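Single-structure report; data block below.
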Amino acid sequence: MATTPTPSSAARDRDAEILGRGEVNDLEAIISVANTDVTEAIHTVSDNADAIFTWDYEKGARPALNKLYEKAKHSQWNGETDLDWSIEVDQEKFAQAVSEMRRAGLAEKGISLAGTPFASWGDKEWTALSMESQNWSLSQFMHGEQGALLCTAKIVETVPWIDAKYYAATQVMDEARHVEVFAKYLDTKLNGHYPINAHLKMLLDDIINDSRWDMTYLGMQIMVEGLALAAFGMAHQTTPDPLLKQLLRYVMGDEARHVAFGVLSLKEFYDGLTDAEMLERQEFAFEAAVRMRDRFLQQEVWARMGIDVKEAVKMFDVSAEEKNKDPFQQLLFSKIVPNCKKLGLLDANDGWLRKRFDTLGVSQFEDWVDTGEEYELLDEVSKDRDAATGS
Ligand SMILES: [Fe+2]
Ligand SMILES: [Fe+2]
């Protein structure tokens with residue numbers, strides 16, 4: 001049976017510098033990070049970047065980016081009018097079904113609730129947990145979308161190529177629409193918001209803080225949006241709500257273009273980097289992957305339900321090590337890993353990032369389809385328009 005590789009002590013020291021902890025699966029260290037600014041109305045981050053003009057206006061000098069830009073202009077949609085907000089959403093009913101599955105899953109694994117904080121829970125608490133979990137997930141989607149809005153506005157300023165500035169400008173509009181529709185769904189269809197998760201916040205701050213334009217791309221387009229694309233895909237498949245399904249379908253069509261934008265732009269740029277420069281990018285990708293995985297513990301949900309996070313993790317995840325083998329968690333990396341491979345990030349420096357991805361249990365996706373071209377297949381807005389006009 002495959003075992004998770006043990007990193008050398010030198011590797012652990014470097015990981016400690018990158019992550020703030022030497023052991024990637026250290027649960028105590030993960031849950032000790034909490035968002036202390038939960039009541040703040042605004043949050044300020046220095047973006048440390050020069051705004052760059054280019055006087056080279058030749059449109060289409062980068063044909064792949066130009067094609068993406070034309071596609072983006074064509075496939076804009078309106079969050080107010082292209083979704084049917086009149087659909088009634090019975091969150092409690094859906095949550096009940098989810099909680100029944102969750103309990104059946106525990107029973108199937110032979111896990112007893114006796115002696116745990118869950119022993120006294122009835123239908124009401126289990127349903128409440130599922131509702132809180134959905135509120136939390138959609139809230140994190142919304143906060144991540146705002147991160148994307150800020151990052152792409154920054155890319156418009158900092159990327160030196162006109163085709164990329166044009167494309168990034170369309171993405172700013174896309175992300176504004178995404179924040180808008182998730183916020184509206186939370187406000188009008190669900191029963192509560194959550195502040196941003198501490199790990200997600202730390203990651204977004206790091207991405208925006210970095211002065212190098214390509215790091216905005218790597219952190220946002222490849223890592224955060226790669227994970228979002230996979231997460232939206234899973235939510236789209238599992239939600240019984242036709243409104244959320246349609247919302248996610250359109251958002252995913254946009255996200256596939258966004259990840260493609262990252263892959264197409266960075267491929268050109270990374271081909272010219274030295275090994276030392278590539279290592280910095282590999283470390284950044286690893287840090288982003290771990291921060292994103294850390295947030296899956298949903299620690300704020302457990303706090304709201306009055307359950308100790310460690311108890312909950314013991315119950316549902318067994319251990320962080322086991323969690324790495326969770327097929328749902330692994331699938332969340334199914335877009336990120338092939339894209340990292342295409343960019344040369346997996347293999348550079350003697351496979352530095354592949355070894356780290358091995359410790360997270362996600363390297364097996366390296367030969368899955370990358371997102372450089374996939375956006376064509378996921379253009380749901382065009383599909384619906386073609387169907388409506390019979391073309
Ligand atoms: Fe988005
Ligand atoms: Fe996006």
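Numbering starts fresh at 1 for the residues of each chain in the structure tokens, the chains themselves are lettered A, B, ... in the order given, and ligands are numbered from 1 as they appear.
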
As a quick test: using only C-alpha atoms and all ligand atoms, which residues lie no more than 10 Å away from ligand 1? Give them as a ChimeraX atom specification.
/A:141-142,144-149,171-179,182,221,224-225,228-229,251-256,258

Run DSSP on the backbone and grab whatever in region 247-373 of chain A lands in alpha helix (DSSP H); send it over as JSON, numbers by chain.
{"A": [247, 248, 249, 250, 251, 252, 253, 254, 255, 256, 257, 258, 259, 260, 261, 262, 263, 264, 265, 266, 267, 268, 269, 270, 275, 276, 277, 278, 279, 280, 281, 282, 283, 284, 285, 286, 287, 288, 289, 290, 291, 292, 293, 294, 295, 299, 300, 301, 302, 303, 304, 309, 310, 311, 312, 313, 314, 315, 316, 320, 321, 322, 323, 327, 328, 329, 330, 331, 336, 337, 338, 339, 340, 341, 342, 348, 349, 350, 351, 352, 353, 354, 355, 356, 357, 358, 359, 360]}

So which one's closest to Asp187 (chain A), A:Ile111, A:Ala168, A:Val89, A:Met278? Using only C-alpha atoms, please.
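Comparing A:Ile111, A:Ala168, A:Val89, A:Met278 against Asp187 (chain A), the winner is A:Val89.
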
Measuring atom to atom with only C-alpha atoms and all ligand atoms, identify which of A:Cys151, A:Trp77, A:Ala29, A:Asp367 is nearest to ligand 2.
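Distance minimum relative to ligand 2 lands on A:Cys151.
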
So, counting only C-alpha atoms, which residue among A:Trp126, A:Tyr69, A:Trp121, A:Phe94 is closest to Thr170 (chain A)?
A:Tyr69

Write out as an MDAnalysis selection string each polymer residue whose atoms come within 7 Å of region 127-140 of chain A, counting only C-alpha atoms; drop sequence neighbours fewer than 5 positions from it.
chainID A and resid 91:92 95:96 98:99 182 190 192:194 196:197 301 305

What does the structure give for the distance between CA of Glu180 (chain A) and CA of Lys201 (chain A), in Å to one decimal?
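It comes out at 19.3 Å.
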
Pick from A:Ala10, A:Val24, A:Ala153, A:Leu331: nearest to ligand 2, with only C-alpha atoms and all ligand atoms counted?
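When distances to ligand 2 are compared using only C-alpha atoms and all ligand atoms, the smallest one comes from A:Ala153.
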
Tell me which protein, DNA and RNA residues are within 10 Å of Asn78 (chain A), counting only C-alpha atoms, leaving out same-chain ones fewer than 2 positions away, and put them as an NGL selection string.
:A and (76 or 80-83 or 174 or 177 or 181)

Could you check which of A:Arg21, A:His74, A:Ile208, A:Val259 is closest to ligand 2, using only C-alpha atoms and all ligand atoms?
A:Val259

Any idea what the distance is between CA of Glu366 (chain A) and CA of Pro338 (chain A)?
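That distance, rounded to one decimal, is 4.3 Å.
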
Judged by only C-alpha atoms and all ligand atoms, the minimum distance to ligand 2 among A:Leu279, A:Ala119, A:Leu353, A:Ala72 is found for A:Ala72

So that I can check the surroundings of Glu277 (chain A), please list as number ranges by chain every protein, DNA and RNA residue that reaches within 12 Å of it, counting only C-alpha atoms and ignoring chain neighbours fewer than 3 positions away.
A: 212, 214-215, 269-274, 280-284, 345, 348-349

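Excluding Thr54 (chain A) itself and same-chain residues fewer than 4 positions from it, the residues having an atom within 9 Å of it are Pro160, Trp161 and Ile162 of chain A, counting only C-alpha atoms.
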
Please produce an output containing N, CA, C and O atoms for each residue in the selection, written as a short mmCIF file (atom, residue, chain, number, x, y, z; two decimals), in the first residue's frame.
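The new file part.cif reads:
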data_model
loop_
_atom_site.label_atom_id
_atom_site.label_comp_id
_atom_site.auth_asym_id
_atom_site.auth_seq_id
_atom_site.Cartn_x
_atom_site.Cartn_y
_atom_site.Cartn_z
N PRO A 160 2.50 43.50 -18.46
CA PRO A 160 3.02 44.42 -19.48
C PRO A 160 2.44 44.23 -20.89
O PRO A 160 2.77 45.02 -21.77
N TRP A 161 1.61 43.22 -21.11
CA TRP A 161 1.13 42.91 -22.48
C TRP A 161 -0.28 43.43 -22.71
O TRP A 161 -1.18 43.17 -21.90
N ILE A 162 -0.51 44.08 -23.86
CA ILE A 162 -1.83 44.69 -24.11
C ILE A 162 -2.93 43.62 -24.20
O ILE A 162 -4.03 43.82 -23.69
#

Which residues, written as number ranges by chain, have at least one atom at most 9 Å from Asp205 (chain A), with only C-alpha atoms counted and residues fewer than 4 positions away on the same chain left out?
A: 45-47, 147, 200-201, 209-210

Would you mind exporting all heavy atoms of the selected residues as a CSV table (one decimal), in the first residue's frame?
chain,number,residue,atom,x,y,z
A,45,VAL,N,-4.9,45.9,2.4
A,45,VAL,CA,-3.6,45.1,2.1
A,45,VAL,C,-2.8,46.0,1.2
A,45,VAL,O,-3.3,46.5,0.2
A,45,VAL,CB,-3.9,43.8,1.4
A,45,VAL,CG1,-2.7,42.9,1.3
A,45,VAL,CG2,-5.0,43.0,2.2
A,46,SER,N,-1.5,46.1,1.4
A,46,SER,CA,-0.6,46.8,0.5
A,46,SER,C,-0.4,45.9,-0.8
A,46,SER,O,0.0,44.8,-0.6
A,46,SER,CB,0.7,47.1,1.1
A,46,SER,OG,0.6,48.0,2.1
A,47,ASP,N,-0.5,46.5,-2.0
A,47,ASP,CA,-0.3,45.6,-3.1
A,47,ASP,C,1.1,45.8,-3.7
A,47,ASP,O,1.4,45.1,-4.7
A,47,ASP,CB,-1.5,45.8,-4.1
A,47,ASP,CG,-1.5,47.0,-4.9
A,47,ASP,OD1,-0.5,47.9,-4.7
A,47,ASP,OD2,-2.4,47.2,-5.7
A,147,GLY,N,-11.6,38.3,-3.7
A,147,GLY,CA,-10.2,38.2,-3.9
A,147,GLY,C,-9.8,38.3,-5.4
A,147,GLY,O,-8.9,38.9,-5.8
A,200,LEU,N,-7.9,31.2,4.2
A,200,LEU,CA,-8.2,31.8,2.9
A,200,LEU,C,-7.8,33.3,2.9
A,200,LEU,O,-7.2,33.8,2.0
A,200,LEU,CB,-9.7,31.7,2.6
A,200,LEU,CG,-10.2,32.4,1.3
A,200,LEU,CD1,-9.5,31.8,0.1
A,200,LEU,CD2,-11.7,32.3,1.2
A,201,LYS,N,-8.0,34.0,4.0
A,201,LYS,CA,-7.6,35.4,4.2
A,201,LYS,C,-6.1,35.5,4.1
A,201,LYS,O,-5.6,36.4,3.4
A,201,LYS,CB,-8.1,35.9,5.5
A,201,LYS,CG,-7.9,37.4,5.7
A,201,LYS,CD,-8.4,37.8,7.0
A,201,LYS,CE,-8.4,39.3,7.2
A,201,LYS,NZ,-8.6,39.6,8.6
A,209,ASN,N,-0.3,41.0,-1.8
A,209,ASN,CA,0.9,41.6,-1.2
A,209,ASN,C,2.1,41.5,-2.1
A,209,ASN,O,3.0,42.3,-2.1
A,209,ASN,CB,1.2,41.0,0.1
A,209,ASN,CG,1.9,41.9,1.0
A,209,ASN,OD1,3.0,41.6,1.4
A,209,ASN,ND2,1.3,43.0,1.4
A,210,ASP,N,2.2,40.4,-2.9
A,210,ASP,CA,3.4,40.2,-3.7
A,210,ASP,C,3.6,41.2,-4.8
A,210,ASP,O,2.6,41.5,-5.5
A,210,ASP,CB,3.4,38.8,-4.3
A,210,ASP,CG,4.7,38.2,-4.6
A,210,ASP,OD1,5.4,38.8,-5.5
A,210,ASP,OD2,5.2,37.3,-3.9
